[in-house]
$ cat start-v1.txt   # compact mmCIF, C-alpha atoms
# COMPACT_ATOMS: atom_id res chain seq x y z
CA MET Q 15 -86.01 -52.27 68.32
CA LYS Q 16 -86.54 -50.38 71.55
CA ILE Q 17 -83.72 -47.94 72.41
CA ALA Q 18 -83.14 -46.53 75.88
CA VAL Q 19 -81.67 -43.04 76.21
CA ILE Q 20 -80.12 -42.59 79.64
CA GLN Q 21 -77.05 -40.69 80.85
CA ALA Q 22 -75.42 -39.71 84.14
CA SER Q 23 -76.44 -36.63 86.14
CA SER Q 24 -73.16 -34.91 85.33
CA GLN Q 25 -74.52 -34.30 81.82
CA LYS Q 26 -78.24 -33.99 82.53
CA ASP Q 27 -78.33 -30.69 80.63
CA LYS Q 28 -77.62 -32.76 77.48
CA ASN Q 29 -80.51 -35.20 78.00
CA THR Q 30 -83.04 -33.43 75.78
CA LEU Q 31 -80.47 -33.03 73.00
CA LEU Q 32 -79.37 -36.65 73.26
CA PHE Q 33 -82.94 -37.91 73.10
CA ARG Q 34 -83.80 -35.66 70.17
CA CYS Q 35 -80.72 -36.82 68.24
CA VAL Q 36 -81.56 -40.50 68.82
CA GLN Q 37 -85.14 -39.92 67.68
CA SER Q 38 -83.89 -38.22 64.52
CA ALA Q 39 -81.34 -40.98 63.81
CA VAL Q 40 -83.96 -43.76 63.94
CA ALA Q 41 -86.84 -41.86 62.34
CA GLY Q 42 -88.69 -43.94 59.76
CA LYS Q 43 -87.20 -47.27 60.91
CA GLY Q 44 -90.15 -48.31 63.05
CA TRP Q 45 -88.04 -48.26 66.22
CA GLU Q 46 -88.95 -46.67 69.53
CA ALA Q 47 -86.67 -44.40 71.60
CA VAL Q 48 -87.52 -44.20 75.32
CA ASN Q 49 -86.07 -41.40 77.44
CA PHE Q 50 -85.08 -42.40 80.99
CA GLY Q 51 -83.14 -39.23 81.84
CA VAL Q 52 -81.39 -38.28 83.96
CA PHE Q 53 -83.66 -35.29 83.24
CA ALA Q 54 -82.48 -31.71 83.60
CA GLU Q 55 -85.09 -30.94 86.25
CA GLU Q 56 -84.18 -33.88 88.51
CA GLU Q 57 -82.77 -32.74 91.84
CA ASP Q 58 -81.35 -36.09 92.91
CA SER Q 59 -77.97 -37.02 91.43
CA TYR Q 60 -77.05 -40.36 89.82
CA SER Q 61 -73.46 -41.33 89.10
CA TYR Q 62 -72.27 -43.16 86.01
CA ILE Q 63 -72.06 -46.35 88.09
CA GLU Q 64 -75.68 -46.10 89.26
CA THR Q 65 -76.77 -45.24 85.72
CA ALA Q 66 -74.89 -48.26 84.36
CA LEU Q 67 -76.76 -50.44 86.86
CA ASN Q 68 -80.03 -49.01 85.52
CA ILE Q 69 -78.88 -49.87 81.99
CA SER Q 70 -78.09 -53.43 83.10
CA MET Q 71 -81.59 -53.71 84.56
CA LEU Q 72 -83.16 -52.52 81.31
CA LEU Q 73 -81.10 -54.73 78.99
CA GLU Q 74 -80.87 -57.85 81.15
CA SER Q 75 -84.64 -57.83 81.63
CA CYS Q 76 -85.13 -57.42 77.84
CA ALA Q 77 -87.30 -54.37 78.54
CA VAL Q 78 -85.19 -52.61 75.87
CA ASP Q 79 -82.87 -53.83 73.13
CA PHE Q 80 -80.23 -51.10 73.01
CA ALA Q 81 -78.98 -48.22 75.16
CA VAL Q 82 -77.49 -44.88 74.16
CA THR Q 83 -75.69 -43.41 77.14
CA GLY Q 84 -72.77 -41.25 78.20
CA CYS Q 85 -71.09 -39.22 80.91
CA SER Q 86 -68.61 -36.35 80.85
CA SER Q 87 -65.79 -38.34 79.22
CA GLY Q 88 -67.80 -41.38 78.13
CA GLN Q 89 -65.04 -43.67 79.43
CA GLY Q 90 -66.35 -44.20 82.96
CA MET Q 91 -69.80 -45.10 81.71
CA MET Q 92 -68.38 -47.53 79.17
CA LEU Q 93 -66.26 -49.25 81.84
CA ALA Q 94 -69.12 -49.40 84.34
CA CYS Q 95 -71.48 -50.82 81.71
CA ASN Q 96 -69.03 -53.53 80.67
CA SER Q 97 -68.57 -54.51 84.32
CA LEU Q 98 -72.25 -55.43 84.60
CA PRO Q 99 -74.35 -58.29 83.18
CA GLY Q 100 -76.26 -57.94 79.93
CA ILE Q 101 -74.28 -55.03 78.49
CA LEU Q 102 -71.74 -55.04 75.66
CA CYS Q 103 -70.91 -51.35 75.45
CA GLY Q 104 -68.67 -49.51 73.02
CA TYR Q 105 -67.06 -46.10 73.48
CA VAL Q 106 -67.85 -43.99 70.44
CA GLU Q 107 -66.87 -40.38 69.87
CA ASN Q 108 -67.31 -39.89 66.12
CA PRO Q 109 -69.22 -41.29 63.14
CA SER Q 110 -66.57 -43.81 62.08
CA ASP Q 111 -66.37 -45.21 65.64
CA ALA Q 112 -70.13 -45.66 65.69
CA TYR Q 113 -70.35 -47.18 62.21
CA LEU Q 114 -67.64 -49.75 62.92
CA PHE Q 115 -69.04 -50.63 66.34
CA GLY Q 116 -72.43 -51.35 64.83
CA ARG Q 117 -71.19 -53.34 61.86
CA ILE Q 118 -68.30 -55.22 63.53
CA ASN Q 119 -68.79 -55.41 67.29
CA ASP Q 120 -72.60 -55.67 67.26
CA GLY Q 121 -73.00 -54.63 70.90
CA ASN Q 122 -76.13 -53.40 72.65
CA ALA Q 123 -74.98 -50.07 74.11
CA ILE Q 124 -72.78 -47.12 73.27
CA SER Q 125 -71.25 -44.51 75.56
CA TYR Q 126 -70.64 -41.03 74.16
CA PRO Q 127 -68.45 -38.25 75.64
CA LEU Q 128 -71.09 -35.62 76.42
CA GLY Q 129 -68.67 -33.20 78.08
CA LEU Q 130 -65.14 -33.80 76.79
CA ASN Q 131 -64.51 -31.83 73.59
CA PHE Q 132 -68.23 -31.09 73.32
CA GLY Q 133 -67.90 -27.49 72.27
CA TRP Q 134 -69.56 -25.18 69.81
CA ALA Q 135 -71.50 -27.23 67.21
CA GLY Q 136 -70.92 -30.38 69.26
CA GLU Q 137 -74.46 -31.46 68.49
CA ILE Q 138 -73.50 -31.88 64.82
CA ASN Q 139 -70.96 -34.57 65.66
CA LEU Q 140 -73.42 -36.22 68.06
CA GLN Q 141 -76.15 -36.36 65.42
CA SER Q 142 -73.80 -37.65 62.72
CA THR Q 143 -72.41 -40.28 65.09
CA LEU Q 144 -75.86 -41.63 65.93
CA GLU Q 145 -76.92 -41.63 62.28
CA CYS Q 146 -73.86 -43.72 61.37
CA LEU Q 147 -74.54 -46.08 64.28
CA PHE Q 148 -78.06 -46.87 63.12
CA ALA Q 149 -77.48 -46.46 59.36
CA GLU Q 150 -77.36 -50.18 58.53
CA PRO Q 151 -78.15 -53.52 60.19
CA PHE Q 152 -75.85 -54.47 63.05
CA GLY Q 153 -73.34 -57.29 62.82
CA THR Q 154 -72.91 -57.31 59.05
CA GLY Q 155 -69.11 -57.06 59.28
CA TYR Q 156 -66.65 -54.57 57.76
CA PRO Q 157 -65.01 -54.38 55.33
CA ARG Q 158 -67.41 -56.41 53.23
CA GLU Q 159 -64.72 -58.68 51.82
CA ASP Q 160 -63.70 -59.61 55.37
CA ALA Q 161 -67.21 -59.77 56.82
CA ALA Q 162 -67.28 -63.53 57.50
CA ARG Q 163 -64.14 -63.42 59.68
CA LYS Q 164 -65.38 -60.34 61.53
CA GLN Q 165 -68.68 -62.07 62.26
CA ARG Q 166 -66.89 -65.18 63.56
CA ASP Q 167 -64.74 -63.06 65.87
CA THR Q 168 -67.77 -61.19 67.15
CA LYS Q 169 -69.53 -64.47 67.91
CA LEU Q 170 -66.48 -65.70 69.83
CA LEU Q 171 -66.35 -62.47 71.81
CA LYS Q 172 -70.03 -62.72 72.69
CA ASP Q 173 -69.62 -66.36 73.73
CA ILE Q 174 -66.82 -65.34 76.11
CA TRP Q 175 -68.89 -62.39 77.34
CA ARG Q 176 -71.91 -64.58 78.13
CA THR Q 177 -69.83 -67.33 79.74
CA SER Q 178 -67.88 -64.96 82.00
CA LYS Q 179 -70.90 -63.00 83.30
CA ARG Q 180 -73.32 -64.10 86.00
CA PRO Q 181 -76.97 -63.02 85.69
CA LEU Q 182 -77.89 -59.69 87.27
CA ALA Q 183 -80.44 -61.45 89.48
CA GLN Q 184 -77.56 -63.36 91.11
CA ILE Q 185 -75.18 -60.48 91.72
CA LEU Q 186 -77.60 -57.75 92.86
CA PRO Q 187 -77.83 -59.04 96.47
CA GLU Q 188 -74.01 -59.03 96.64
CA LEU Q 189 -73.52 -55.45 95.46
CA ASP Q 190 -73.20 -52.42 97.71
CA ARG Q 191 -76.65 -51.95 99.29
CA GLN Q 192 -76.66 -48.16 98.94
CA LEU Q 193 -75.69 -48.40 95.26
CA VAL Q 194 -78.51 -50.83 94.55
CA TRP Q 195 -81.07 -48.91 96.57
CA HIS Q 196 -80.29 -45.61 94.87
CA ALA Q 197 -80.41 -47.17 91.39
CA LEU Q 198 -83.75 -48.78 92.21
CA SER Q 199 -85.09 -45.45 93.46
CA ARG Q 200 -85.29 -44.26 89.84
CA THR Q 201 -88.98 -44.97 89.43
CA VAL Q 202 -88.89 -44.28 85.68
CA VAL Q 203 -86.53 -47.24 85.20
CA PHE Q 204 -87.88 -49.58 87.88
CA GLU Q 205 -91.51 -49.34 86.76
CA TYR Q 206 -90.57 -49.74 83.09
CA VAL Q 207 -88.68 -52.95 83.85
CA MET Q 208 -91.61 -54.24 85.91
CA GLN Q 209 -94.05 -53.50 83.07
CA HIS Q 210 -91.99 -54.49 80.03
CA GLY Q 211 -89.30 -56.87 81.27
CA LYS Q 212 -89.31 -60.54 80.28
CA ASP Q 213 -86.97 -61.96 82.95
CA LYS Q 214 -89.31 -63.01 85.76
CA GLU Q 215 -86.50 -64.08 88.09
CA LEU Q 216 -84.82 -60.68 87.77
CA GLU Q 217 -88.13 -58.90 88.30
CA LYS Q 218 -88.68 -60.91 91.49
CA VAL Q 219 -85.25 -59.96 92.84
CA LEU Q 220 -85.67 -56.29 91.88
CA HIS Q 221 -89.07 -56.17 93.56
CA SER Q 222 -87.77 -57.68 96.79
CA LEU Q 223 -84.77 -55.34 96.94
CA HIS Q 224 -86.92 -52.32 96.04
CA ASN Q 225 -89.20 -53.01 99.00
CA MET Q 226 -86.42 -53.48 101.56

$ encode --input "start-v1.txt" --output "structure tokens"
Amino acid sequence: MKIAVIQASSQKDKNTLLFRCVQSAVAGKGWEAVNFGVFAEEEDSYSYIETALNISMLLESCAVDFAVTGCSSGQGMMLACNSLPGILCGYVENPSDAYLFGRINDGNAISYPLGLNFGWAGEINLQSTLECLFAEPFGTGYPREDAARKQRDTKLLKDIWRTSKRPLAQILPELDRQLVWHALSRTVVFEYVMQHGKDKELEKVLHSLHNM
């Protein structure tokens, strides 16, 4: 599994910590964590909406398999992610949230509150939350005696999710031009999608919009 770490500029001072915690949580599993920022030294600012569009690019293209993200409250990022194609994002703020999301909801992104209630020793909760998220295989259901029903419900939810979403390649030309342009200006994301993405139609659209 390839895991993207990417958060909004409002919490760019937490990027190094977030990446380090993800690396620690998946250590020994044979998975790769890739840090896309927003990095502390970046001068340009990217909102949670623009960052969510970057996450959609990464997941919809299959350049990555999962995204760990966040903003100040975590709520805005979760809502923005779930408004875009290719992302089924859960809001998690503690270990039990993360564990249940992974086992029951089986999504491909989580949004964490990197500012709200992130006080002294906040990194301990972050680390524990990520460890619980990746502790066991996704989609196994919980509790165990009710796993089959939980898995059926998750499949139904994903069927609705896929049916109700248009591909990113279709909606990008219809979105606000400045929003799309600024999201595509993040070279670290754009070039990664071009190199590792598997959706040729999306790559073609991204390339044409990037060069406008």

$ residues_around --input "start-v1.txt" --residues "Met91 in chain Q" --least-positions-apart "2" --cutoff "12 Å" --atoms "all atoms listed in the file" --output "MDAnalysis selection string"
chainID Q and resid 20:25 60:70 81:89 93:98 101:106 123:128

$ write_last_selection --input "start-v1.txt" --atoms "C-alpha atoms" --output "short mmCIF file (atom, residue, chain, number, x, y, z; two decimals), keeping the file's coordinate frame"
data_model
loop_
_atom_site.label_atom_id
_atom_site.label_comp_id
_atom_site.auth_asym_id
_atom_site.auth_seq_id
_atom_site.Cartn_x
_atom_site.Cartn_y
_atom_site.Cartn_z
CA ILE Q 20 -80.12 -42.59 79.64
CA GLN Q 21 -77.05 -40.69 80.85
CA ALA Q 22 -75.42 -39.71 84.14
CA SER Q 23 -76.44 -36.63 86.14
CA SER Q 24 -73.16 -34.91 85.33
CA GLN Q 25 -74.52 -34.30 81.82
CA TYR Q 60 -77.05 -40.36 89.82
CA SER Q 61 -73.46 -41.33 89.10
CA TYR Q 62 -72.27 -43.16 86.01
CA ILE Q 63 -72.06 -46.35 88.09
CA GLU Q 64 -75.68 -46.10 89.26
CA THR Q 65 -76.77 -45.24 85.72
CA ALA Q 66 -74.89 -48.26 84.36
CA LEU Q 67 -76.76 -50.44 86.86
CA ASN Q 68 -80.03 -49.01 85.52
CA ILE Q 69 -78.88 -49.87 81.99
CA SER Q 70 -78.09 -53.43 83.10
CA ALA Q 81 -78.98 -48.22 75.16
CA VAL Q 82 -77.49 -44.88 74.16
CA THR Q 83 -75.69 -43.41 77.14
CA GLY Q 84 -72.77 -41.25 78.20
CA CYS Q 85 -71.09 -39.22 80.91
CA SER Q 86 -68.61 -36.35 80.85
CA SER Q 87 -65.79 -38.34 79.22
CA GLY Q 88 -67.80 -41.38 78.13
CA GLN Q 89 -65.04 -43.67 79.43
CA LEU Q 93 -66.26 -49.25 81.84
CA ALA Q 94 -69.12 -49.40 84.34
CA CYS Q 95 -71.48 -50.82 81.71
CA ASN Q 96 -69.03 -53.53 80.67
CA SER Q 97 -68.57 -54.51 84.32
CA LEU Q 98 -72.25 -55.43 84.60
CA ILE Q 101 -74.28 -55.03 78.49
CA LEU Q 102 -71.74 -55.04 75.66
CA CYS Q 103 -70.91 -51.35 75.45
CA GLY Q 104 -68.67 -49.51 73.02
CA TYR Q 105 -67.06 -46.10 73.48
CA VAL Q 106 -67.85 -43.99 70.44
CA ALA Q 123 -74.98 -50.07 74.11
CA ILE Q 124 -72.78 -47.12 73.27
CA SER Q 125 -71.25 -44.51 75.56
CA TYR Q 126 -70.64 -41.03 74.16
CA PRO Q 127 -68.45 -38.25 75.64
CA LEU Q 128 -71.09 -35.62 76.42
#

$ closest_residue --input "start-v1.txt" --among "Q:Ala77, Q:Ala149, Q:Leu186, Q:Leu170" --to "Phe115 in chain Q" --atoms "only C-alpha atoms"
Q:Ala149

$ closest_residue --input "start-v1.txt" --among "Q:Val194, Q:Val203, Q:Leu144, Q:Leu223" --to "Asn49 in chain Q" --atoms "all atoms listed in the file"
Q:Val203

$ residues_around --input "start-v1.txt" --residues "Phe148 in chain Q" --least-positions-apart "6" --cutoff "10 Å" --atoms "only C-alpha atoms" --output "tab-separated table (two decimals) with C-alpha atoms, keeping the file's coordinate frame"
chain	number	residue	atom	x	y	z
Q	36	VAL	CA	-81.56	-40.50	68.82
Q	39	ALA	CA	-81.34	-40.98	63.81
Q	40	VAL	CA	-83.96	-43.76	63.94
Q	43	LYS	CA	-87.20	-47.27	60.91
Q	112	ALA	CA	-70.13	-45.66	65.69
Q	113	TYR	CA	-70.35	-47.18	62.21
Q	116	GLY	CA	-72.43	-51.35	64.83
Q	117	ARG	CA	-71.19	-53.34	61.86

$ atom_distance --input "start-v1.txt" --atom1 "CA of Leu216 in chain Q" --atom2 "CA of Leu189 in chain Q"
14.6 Å

$ closest_residue --input "start-v1.txt" --among "Q:Thr143, Q:Thr201, Q:Asn119, Q:Tyr156" --to "Thr168 in chain Q" --atoms "only C-alpha atoms"
Q:Asn119

$ closest_residue --input "start-v1.txt" --among "Q:Leu140, Q:Ala162, Q:Val48, Q:Met92" --to "Ser110 in chain Q" --atoms "only C-alpha atoms"
Q:Leu140

$ residues_around --input "start-v1.txt" --residues "Ile118 in chain Q" --least-positions-apart "2" --cutoff "9 Å" --atoms "all atoms listed in the file" --output "PyMOL selection string"
chain Q and resi 113-116+120-121+152-157+161+164-165+167-168

$ residues_around --input "start-v1.txt" --residues "Glu137 in chain Q" --least-positions-apart "3" --cutoff "12 Å" --atoms "all atoms listed in the file" --output "mmCIF file with C-alpha atoms, in the frame of the given file"
data_model
loop_
_atom_site.group_PDB
_atom_site.id
_atom_site.type_symbol
_atom_site.label_atom_id
_atom_site.label_comp_id
_atom_site.auth_asym_id
_atom_site.auth_seq_id
_atom_site.Cartn_x
_atom_site.Cartn_y
_atom_site.Cartn_z
ATOM 1 C CA LYS Q 28 -77.620 -32.760 77.480
ATOM 2 C CA ASN Q 29 -80.510 -35.200 78.000
ATOM 3 C CA THR Q 30 -83.040 -33.430 75.780
ATOM 4 C CA LEU Q 31 -80.470 -33.030 73.000
ATOM 5 C CA LEU Q 32 -79.370 -36.650 73.260
ATOM 6 C CA PHE Q 33 -82.940 -37.910 73.100
ATOM 7 C CA ARG Q 34 -83.800 -35.660 70.170
ATOM 8 C CA CYS Q 35 -80.720 -36.820 68.240
ATOM 9 C CA VAL Q 36 -81.560 -40.500 68.820
ATOM 10 C CA GLU Q 107 -66.870 -40.380 69.870
ATOM 11 C CA ASN Q 108 -67.310 -39.890 66.120
ATOM 12 C CA TYR Q 126 -70.640 -41.030 74.160
ATOM 13 C CA PRO Q 127 -68.450 -38.250 75.640
ATOM 14 C CA LEU Q 128 -71.090 -35.620 76.420
ATOM 15 C CA GLY Q 129 -68.670 -33.200 78.080
ATOM 16 C CA ASN Q 131 -64.510 -31.830 73.590
ATOM 17 C CA PHE Q 132 -68.230 -31.090 73.320
ATOM 18 C CA GLY Q 133 -67.900 -27.490 72.270
ATOM 19 C CA TRP Q 134 -69.560 -25.180 69.810
ATOM 20 C CA LEU Q 140 -73.420 -36.220 68.060
ATOM 21 C CA GLN Q 141 -76.150 -36.360 65.420
ATOM 22 C CA SER Q 142 -73.800 -37.650 62.720
ATOM 23 C CA THR Q 143 -72.410 -40.280 65.090
ATOM 24 C CA LEU Q 144 -75.860 -41.630 65.930
#

$ residues_around --input "start-v1.txt" --residues "Gln209 in chain Q" --least-positions-apart "6" --cutoff "12 Å" --atoms "only C-alpha atoms" --output "PDB file with C-alpha atoms, in the coordinates of the input"
ATOM      1  CA  LEU Q  72     -83.160 -52.520  81.310  1.00  0.00           C
ATOM      2  CA  SER Q  75     -84.640 -57.830  81.630  1.00  0.00           C
ATOM      3  CA  CYS Q  76     -85.130 -57.420  77.840  1.00  0.00           C
ATOM      4  CA  ALA Q  77     -87.300 -54.370  78.540  1.00  0.00           C
ATOM      5  CA  VAL Q  78     -85.190 -52.610  75.870  1.00  0.00           C
ATOM      6  CA  THR Q 201     -88.980 -44.970  89.430  1.00  0.00           C
ATOM      7  CA  VAL Q 202     -88.890 -44.280  85.680  1.00  0.00           C
ATOM      8  CA  VAL Q 203     -86.530 -47.240  85.200  1.00  0.00           C
ATOM      9  CA  GLU Q 217     -88.130 -58.900  88.300  1.00  0.00           C
ATOM     10  CA  HIS Q 221     -89.070 -56.170  93.560  1.00  0.00           C
TER      11      HIS Q 221
END

$ atom_distance --input "start-v1.txt" --atom1 "CA of Ala54 in chain Q" --atom2 "CA of Ala18 in chain Q"
16.7 Å

$ atom_distance --input "start-v1.txt" --atom1 "CA of Asn122 in chain Q" --atom2 "CA of Arg200 in chain Q"
21.5 Å

$ build_atoms --input "start-v1.txt" --residues "range 94-111 of chain Q" --atoms "N, CA and C atoms" --output "CSV table (one decimal), keeping the file's coordinate frame"
chain,number,residue,atom,x,y,z
Q,94,ALA,N,-68.1,-48.9,83.4
Q,94,ALA,CA,-69.1,-49.4,84.3
Q,94,ALA,C,-70.1,-50.3,83.7
Q,95,CYS,N,-70.5,-50.0,82.5
Q,95,CYS,CA,-71.5,-50.8,81.7
Q,95,CYS,C,-70.9,-52.2,81.5
Q,96,ASN,N,-69.6,-52.3,81.0
Q,96,ASN,CA,-69.0,-53.5,80.7
Q,96,ASN,C,-68.7,-54.4,81.9
Q,97,SER,N,-68.8,-53.8,83.1
Q,97,SER,CA,-68.6,-54.5,84.3
Q,97,SER,C,-69.8,-55.2,84.8
Q,98,LEU,N,-71.0,-54.9,84.2
Q,98,LEU,CA,-72.2,-55.4,84.6
Q,98,LEU,C,-72.8,-56.4,83.6
Q,99,PRO,N,-73.7,-57.3,84.1
Q,99,PRO,CA,-74.4,-58.3,83.2
Q,99,PRO,C,-75.2,-57.7,82.1
Q,100,GLY,N,-75.3,-58.3,81.0
Q,100,GLY,CA,-76.3,-57.9,79.9
Q,100,GLY,C,-75.8,-56.8,79.0
Q,101,ILE,N,-74.7,-56.2,79.3
Q,101,ILE,CA,-74.3,-55.0,78.5
Q,101,ILE,C,-73.0,-55.3,77.8
Q,102,LEU,N,-73.0,-55.1,76.5
Q,102,LEU,CA,-71.7,-55.0,75.7
Q,102,LEU,C,-71.6,-53.7,75.1
Q,103,CYS,N,-70.9,-52.8,75.7
Q,103,CYS,CA,-70.9,-51.4,75.4
Q,103,CYS,C,-69.6,-50.9,74.8
Q,104,GLY,N,-69.8,-50.1,73.7
Q,104,GLY,CA,-68.7,-49.5,73.0
Q,104,GLY,C,-68.5,-48.0,73.3
Q,105,TYR,N,-67.3,-47.5,73.4
Q,105,TYR,CA,-67.1,-46.1,73.5
Q,105,TYR,C,-67.0,-45.5,72.1
Q,106,VAL,N,-67.9,-44.6,71.8
Q,106,VAL,CA,-67.8,-44.0,70.4
Q,106,VAL,C,-67.8,-42.5,70.6
Q,107,GLU,N,-67.0,-41.8,69.8
Q,107,GLU,CA,-66.9,-40.4,69.9
Q,107,GLU,C,-67.0,-39.7,68.5
Q,108,ASN,N,-67.2,-40.5,67.5
Q,108,ASN,CA,-67.3,-39.9,66.1
Q,108,ASN,C,-68.0,-40.9,65.2
Q,109,PRO,N,-68.4,-40.4,64.0
Q,109,PRO,CA,-69.2,-41.3,63.1
Q,109,PRO,C,-68.5,-42.6,62.7
Q,110,SER,N,-67.2,-42.6,62.5
Q,110,SER,CA,-66.6,-43.8,62.1
Q,110,SER,C,-66.5,-44.8,63.2
Q,111,ASP,N,-66.3,-44.3,64.5
Q,111,ASP,CA,-66.4,-45.2,65.6
Q,111,ASP,C,-67.7,-45.9,65.7
